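Student: Contents of model.cif (mmCIF, C-alpha atoms (C1' of nucleotides)):
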data_my_file
#
loop_
_atom_site.label_atom_id
_atom_site.label_comp_id
_atom_site.auth_asym_id
_atom_site.auth_seq_id
_atom_site.Cartn_x
_atom_site.Cartn_y
_atom_site.Cartn_z
CA MET A 43 12.48 7.08 -19.57
CA LEU A 44 12.78 10.47 -17.97
CA ASN A 45 16.18 12.15 -17.67
CA ASN A 46 17.45 13.64 -14.44
CA LYS A 47 16.11 17.10 -15.20
CA GLN A 48 12.63 15.70 -15.89
CA ILE A 49 12.72 13.66 -12.68
CA GLU A 50 13.61 16.84 -10.85
CA ARG A 51 10.61 18.56 -12.38
CA VAL A 52 8.34 15.69 -11.32
CA LEU A 53 9.54 15.92 -7.73
CA GLU A 54 9.11 19.67 -7.70
CA THR A 55 5.61 19.49 -9.18
CA ILE A 56 4.23 16.82 -6.86
CA GLY A 57 5.78 18.78 -4.01
CA GLU A 58 3.73 21.82 -5.00
CA MET A 59 0.58 19.72 -5.45
CA PHE A 60 0.92 17.77 -2.20
CA PRO A 61 3.34 19.62 0.11
CA ASP A 62 2.09 17.88 3.25
CA ALA A 63 1.63 14.33 1.97
CA HIS A 64 1.83 11.91 4.86
CA CYS A 65 0.91 8.43 6.09
CA GLU A 66 -2.88 8.26 6.20
CA LEU A 67 -3.08 5.07 8.24
CA ASN A 68 -4.02 6.05 11.78
CA HIS A 69 -1.62 4.71 14.42
CA SER A 70 0.02 5.81 17.64
CA ASN A 71 3.04 3.50 17.82
CA PRO A 72 5.11 1.10 15.67
CA PHE A 73 3.07 -1.91 16.75
CA GLU A 74 -0.20 -0.32 15.63
CA LEU A 75 1.43 0.71 12.36
CA VAL A 76 2.51 -2.86 11.57
CA ILE A 77 -1.04 -4.05 12.19
CA ALA A 78 -2.56 -1.24 10.12
CA VAL A 79 -0.23 -1.74 7.16
CA SER A 80 -0.67 -5.51 7.12
CA LEU A 81 -4.43 -4.95 7.12
CA SER A 82 -4.18 -2.46 4.26
CA ALA A 83 -3.28 -5.02 1.59
CA GLN A 84 -5.77 -4.71 -1.31
CA CYS A 85 -7.91 -2.34 0.73
CA THR A 86 -8.32 1.41 1.02
CA ASP A 87 -6.73 3.10 4.02
CA ALA A 88 -10.05 4.83 4.77
CA LEU A 89 -11.59 1.43 5.43
CA VAL A 90 -8.57 0.32 7.46
CA ASN A 91 -8.92 3.37 9.66
CA LYS A 92 -12.59 2.62 10.18
CA VAL A 93 -11.69 -0.85 11.45
CA THR A 94 -8.59 0.03 13.47
CA LYS A 95 -10.45 2.71 15.39
CA LYS A 96 -12.30 0.00 17.29
CA LEU A 97 -9.54 -2.58 16.94
CA PHE A 98 -6.89 -0.49 18.68
CA GLU A 99 -9.25 0.25 21.56
CA LYS A 100 -9.81 -3.45 22.11
CA TYR A 101 -6.29 -4.76 21.38
CA LYS A 102 -3.42 -2.78 22.91
CA LYS A 103 -0.55 -5.29 23.09
CA PRO A 104 0.53 -8.45 21.22
CA GLU A 105 -0.83 -10.50 24.12
CA ASP A 106 -4.32 -9.13 23.51
CA TYR A 107 -4.51 -10.51 19.98
CA ILE A 108 -3.53 -13.95 21.17
CA ALA A 109 -5.94 -13.97 24.08
CA VAL A 110 -9.09 -14.21 21.93
CA PRO A 111 -10.26 -17.02 19.63
CA LEU A 112 -9.17 -16.67 16.01
CA GLU A 113 -12.81 -16.40 14.94
CA GLU A 114 -13.27 -13.35 17.13
CA LEU A 115 -10.31 -11.57 15.57
CA GLN A 116 -11.59 -12.53 12.11
CA ASN A 117 -14.91 -10.97 12.97
CA ASP A 118 -13.27 -7.78 14.20
CA ILE A 119 -11.56 -7.25 10.84
CA ARG A 120 -14.08 -8.91 8.51
CA SER A 121 -15.07 -5.76 6.62
CA ILE A 122 -11.46 -5.35 5.43
CA GLY A 123 -11.53 -8.37 3.15
CA LEU A 124 -8.90 -11.15 2.98
CA TYR A 125 -9.78 -11.41 6.64
CA ARG A 126 -8.90 -15.07 7.22
CA ASN A 127 -5.32 -14.65 6.04
CA LYS A 128 -4.93 -11.34 7.80
CA ALA A 129 -6.27 -12.60 11.13
CA LYS A 130 -4.00 -15.64 11.00
CA ASN A 131 -1.00 -13.49 10.09
CA ILE A 132 -1.63 -10.95 12.84
CA ARG A 133 -1.96 -13.67 15.42
CA LYS A 134 1.27 -15.36 14.36
CA LEU A 135 3.01 -11.99 14.09
CA CYS A 136 2.11 -11.23 17.71
CA GLU A 137 3.39 -14.62 18.83
CA MET A 138 6.68 -14.00 17.05
CA LEU A 139 7.05 -10.51 18.50
CA LEU A 140 6.69 -11.95 22.00
CA GLU A 141 8.96 -14.93 21.37
CA ASN A 142 11.78 -13.34 19.40
CA TYR A 143 11.61 -9.57 19.79
CA ASP A 144 10.68 -8.90 23.40
CA GLY A 145 7.20 -7.89 22.27
CA LYS A 146 8.55 -4.98 20.25
CA VAL A 147 8.61 -4.29 16.52
CA PRO A 148 12.10 -4.77 15.01
CA ARG A 149 13.66 -1.96 12.98
CA GLU A 150 15.61 -4.05 10.47
CA ARG A 151 14.05 -4.92 7.11
CA GLU A 152 15.37 -8.46 7.29
CA GLU A 153 13.72 -9.03 10.66
CA LEU A 154 10.48 -7.27 9.71
CA MET A 155 10.11 -9.46 6.62
CA LYS A 156 10.33 -12.60 8.72
CA LEU A 157 6.96 -11.64 10.21
CA PRO A 158 3.93 -13.24 8.51
CA GLY A 159 1.99 -10.84 6.31
CA VAL A 160 4.95 -8.45 6.20
CA GLY A 161 6.64 -8.22 2.81
CA ARG A 162 9.11 -5.70 1.51
CA LYS A 163 6.52 -2.97 0.99
CA THR A 164 5.11 -3.22 4.50
CA ALA A 165 8.60 -3.43 5.99
CA ASN A 166 9.61 -0.27 4.15
CA VAL A 167 6.56 1.61 5.42
CA VAL A 168 7.29 0.62 9.02
CA MET A 169 10.97 1.52 8.73
CA SER A 170 10.28 4.88 7.13
CA VAL A 171 7.17 6.02 9.02
CA ALA A 172 7.67 4.45 12.44
CA PHE A 173 11.45 4.64 12.75
CA GLY A 174 12.55 7.33 10.30
CA ILE A 175 14.87 4.95 8.45
CA PRO A 176 15.20 5.93 4.76
CA ALA A 177 13.14 3.58 2.57
CA ILE A 178 10.76 3.80 -0.39
CA ALA A 179 7.73 1.54 -0.20
CA VAL A 180 6.41 0.76 -3.67
CA ASP A 181 2.69 0.16 -3.46
CA THR A 182 0.12 0.06 -6.26
CA HIS A 183 0.06 3.88 -6.52
CA VAL A 184 3.83 4.39 -6.60
CA GLU A 185 4.18 1.64 -9.18
CA ARG A 186 1.40 2.97 -11.42
CA VAL A 187 2.58 6.59 -11.25
CA SER A 188 6.23 5.69 -11.84
CA LYS A 189 5.30 3.67 -14.91
CA ARG A 190 2.81 6.14 -16.38
CA LEU A 191 5.21 9.06 -16.03
CA GLY A 192 8.13 7.05 -17.33
CA ILE A 193 10.22 7.27 -14.18
CA CYS A 194 10.81 3.55 -14.74
CA ARG A 195 9.98 0.99 -17.43
CA TRP A 196 6.57 -0.65 -17.86
CA LYS A 197 7.88 -4.14 -17.35
CA ASP A 198 9.87 -3.36 -14.21
CA SER A 199 9.10 -5.36 -11.08
CA VAL A 200 8.20 -3.52 -7.89
CA LEU A 201 11.72 -4.12 -6.63
CA GLU A 202 13.16 -2.60 -9.78
CA VAL A 203 10.85 0.40 -9.37
CA GLU A 204 12.11 0.83 -5.82
CA LYS A 205 15.74 0.62 -6.90
CA THR A 206 15.20 3.19 -9.66
CA LEU A 207 13.55 5.61 -7.24
CA MET A 208 16.32 5.15 -4.69
CA LYS A 209 18.85 5.91 -7.41
CA LYS A 210 17.03 8.95 -8.83
CA VAL A 211 15.85 10.55 -5.57
CA PRO A 212 18.25 11.93 -2.93
CA GLU A 213 18.10 9.77 0.19
CA GLU A 214 17.02 12.61 2.48
CA LYS A 215 13.90 13.03 0.31
CA TRP A 216 12.88 9.35 0.14
CA GLY A 217 10.21 9.50 2.80
CA GLN A 218 8.73 12.77 1.60
CA THR A 219 8.77 11.74 -2.06
CA HIS A 220 7.27 8.35 -1.31
CA HIS A 221 4.21 9.96 0.29
CA ARG A 222 3.88 12.58 -2.43
CA LEU A 223 3.90 9.89 -5.11
CA ILE A 224 1.16 8.06 -3.22
CA PHE A 225 -0.98 11.19 -2.90
CA PHE A 226 -0.37 11.99 -6.57
CA GLY A 227 -1.54 8.50 -7.50
CA ARG A 228 -4.42 8.35 -5.06
CA TYR A 229 -5.97 11.76 -5.67
CA HIS A 230 -4.77 12.86 -9.10
CA CYS A 231 -3.22 10.16 -11.30
CA LYS A 232 -5.91 7.67 -10.26
CA ALA A 233 -6.11 4.16 -11.64
CA GLN A 234 -9.60 4.32 -13.08
CA LYS A 235 -10.09 8.03 -13.83
CA PRO A 236 -6.81 9.96 -14.00
CA GLN A 237 -7.10 13.75 -14.07
CA CYS A 238 -5.14 14.15 -17.30
CA GLU A 239 -7.06 17.27 -18.34
CA ILE A 240 -5.62 19.27 -15.46
CA CYS A 241 -2.28 17.46 -15.13
CA PRO A 242 0.79 19.72 -15.01
CA LEU A 243 2.96 16.78 -16.06
CA LEU A 244 0.91 15.70 -19.09
CA ASP A 245 3.57 16.76 -21.62
CA LEU A 246 6.08 14.26 -20.31
CA CYS A 247 3.55 11.45 -19.66
CA ARG A 248 3.40 8.63 -22.17
CA GLU A 249 -0.02 7.48 -21.00
CA GLY A 250 -1.69 10.88 -20.90
CA LYS A 251 -2.92 10.95 -24.50
CA LYS A 252 -4.39 7.49 -24.20
CA TRP A 253 -6.39 8.51 -21.13
CA MET A 254 -7.43 11.84 -22.66
CA LYS A 255 -9.11 9.93 -25.51
CA ARG A 256 -10.85 7.49 -23.18
CA SER A 257 -12.39 10.23 -21.04
CA SER A 258 -13.73 12.28 -23.97
"C1'" DC B 44 1.01 -17.71 -11.64
"C1'" DT B 45 -3.27 -18.14 -8.29
"C1'" DC B 46 -5.63 -17.34 -4.17
"C1'" DC B 47 -7.36 -14.59 -0.53
"C1'" DC B 48 -12.12 -11.10 -0.16
"C1'" DG B 49 -15.25 -7.08 1.44
"C1'" DA B 50 -16.19 -2.17 0.30
"C1'" DT B 51 -16.36 1.34 -2.96
"C1'" DA B 52 -16.03 3.88 -7.45
"C1'" DT B 53 -16.95 3.72 -12.13
"C1'" DA C 89 -21.11 -5.75 -13.87
"C1'" DT C 90 -16.33 -4.81 -13.39
"C1'" DA C 91 -12.05 -2.58 -11.61
"C1'" DT C 92 -9.54 -1.26 -7.80
"C1'" DC C 93 -7.87 -0.75 -3.16
"C1'" DA C 94 -0.76 1.60 0.91
"C1'" DG C 95 0.15 -7.05 -0.82
"C1'" DG C 96 1.76 -11.37 0.65
"C1'" DA C 97 2.17 -16.35 0.55
"C1'" DG C 98 2.13 -20.81 -1.70
#
Would you put the structure from the file into structure tokens?
Tutor:
Amino acid sequence: MLNNKQIERVLETIGEMFPDAHCELNHSNPFELVIAVSLSAQCTDALVNKVTKKLFEKYKKPEDYIAVPLEELQNDIRSIGLYRNKAKNIRKLCEMLLENYDGKVPREREELMKLPGVGRKTANVVMSVAFGIPAIAVDTHVERVSKRLGICRWKDSVLEVEKTLMKKVPEEKWGQTHHRLIFFGRYHCKAQKPQCEICPLLDLCREGKKWMKRSS
DNA sequence: CTCCCGATAT
DNA sequence: ATATCAGGAG
């Protein structure tokens, strides 16, 4: 496990590598962000953006998603994968927004997580990106990077990873750090082919040597 | 734990 | 051919 000084070095380094890390899911309001993030489960954001480009032109409000047959919505998001679950969730989510939230996306984590297809990770993204409420969403990249670097333990659950990051990172830097960890994981410390050879953090990474061998 | 699932990289 | 992708629900 990294000590506080090492954590500080990690934050500084990923800040230099990805100073302008940001949410890469295209959206123009909280409602579109909820849809985009719920679609992004087990799918690249590039593909989500390809689908939402057309989707957001066709469906503007919660009412629009309910107005069409479920099969039509399934077809509009088919290329994403997991499309039956996602279509059903989006439809129900829109119904709930209209019934319980005046058609608007709630800001509270507890309320967000009541929506179908919205778990803690998605709720945290919406809170942080759409509403500017401090939160750290732990996705596959944040989890992998945190564990490889030794920010947390290998056996930690995603919730434990989130708690560790909240404890180790100053609250005013949660949003920024969250996106930098994602960029670091997505473009540098990748799942299949991590760039260990050019990694400025290799000396404090427990997994680095293992990956160096595999790539040689 | 399993299932959902197409697109892409390796 | 297999692993992975801004996960969530049962």
Student: For chain C, which residues have at least one atom within 9 Å of chain A, if we go by all atoms listed in the file? Write them as a PyMOL selection string, please.
Tutor: chain C and resi 91-97
Student: Using C-alpha atoms (C1' of nucleotides), can you write the selected residues to a file as a PDB file, in the frame of the given file?
Tutor:
ATOM      1  C1'  DA C  91     -12.050  -2.580 -11.610  1.00  0.00           C
ATOM      2  C1'  DT C  92      -9.540  -1.260  -7.800  1.00  0.00           C
ATOM      3  C1'  DC C  93      -7.870  -0.750  -3.160  1.00  0.00           C
ATOM      4  C1'  DA C  94      -0.760   1.600   0.910  1.00  0.00           C
ATOM      5  C1'  DG C  95       0.150  -7.050  -0.820  1.00  0.00           C
ATOM      6  C1'  DG C  96       1.760 -11.370   0.650  1.00  0.00           C
ATOM      7  C1'  DA C  97       2.170 -16.350   0.550  1.00  0.00           C
TER       8       DA C  97
END
Student: To one decimal place, how far is CA of Leu207 (chain A) from CA of Pro176 (chain A) in Å?
Tutor: 12.1 Å
Student: Smallest atom-to-atom distance to chain B: which of A:Ala129, A:Val76, A:Val147, A:Val52, using only C-alpha atoms (C1' of nucleotides)?
Tutor: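 The answer is A:Ala129, which sits nearest to chain B.
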Student: Using all atoms listed in the file and a distance of at most 7 Å, pull out the residues of chain A that contact chain B, as a list in words.
Tutor: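 Result: Ser121, Ile122, Gly123, Leu124 and Asn127 of chain A.
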Student: Have a look at A:Ile132, A:Ala109, A:Ile178, A:Cys231 and name the one nearest to Glu74 (chain A); count only C-alpha atoms.
Tutor: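 Ranking A:Ile132, A:Ala109, A:Ile178, A:Cys231 by distance to Glu74 (chain A), first place goes to A:Ile132.
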Student: Taking the structure in the block just given, could you write chain B with C-alpha atoms (C1' of nucleotides), as a PDB file, in the first residue's frame?
Tutor:
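Below is the file result_8.pdb, written as the result:
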ATOM      1  C1'  DC B  44     -22.147 -15.860  -8.183  1.00  0.00           C
ATOM      2  C1'  DT B  45     -24.440 -15.563 -13.127  1.00  0.00           C
ATOM      3  C1'  DC B  46     -26.551 -13.241 -16.768  1.00  0.00           C
ATOM      4  C1'  DC B  47     -27.009  -9.678 -20.072  1.00  0.00           C
ATOM      5  C1'  DC B  48     -24.390  -8.804 -25.301  1.00  0.00           C
ATOM      6  C1'  DG B  49     -22.400  -6.199 -29.513  1.00  0.00           C
ATOM      7  C1'  DA B  50     -18.034  -3.953 -31.013  1.00  0.00           C
ATOM      8  C1'  DT B  51     -13.248  -3.725 -30.847  1.00  0.00           C
ATOM      9  C1'  DA B  52      -8.338  -4.761 -29.630  1.00  0.00           C
ATOM     10  C1'  DT B  53      -5.095  -8.198 -28.980  1.00  0.00           C
TER      11       DT B  53
END
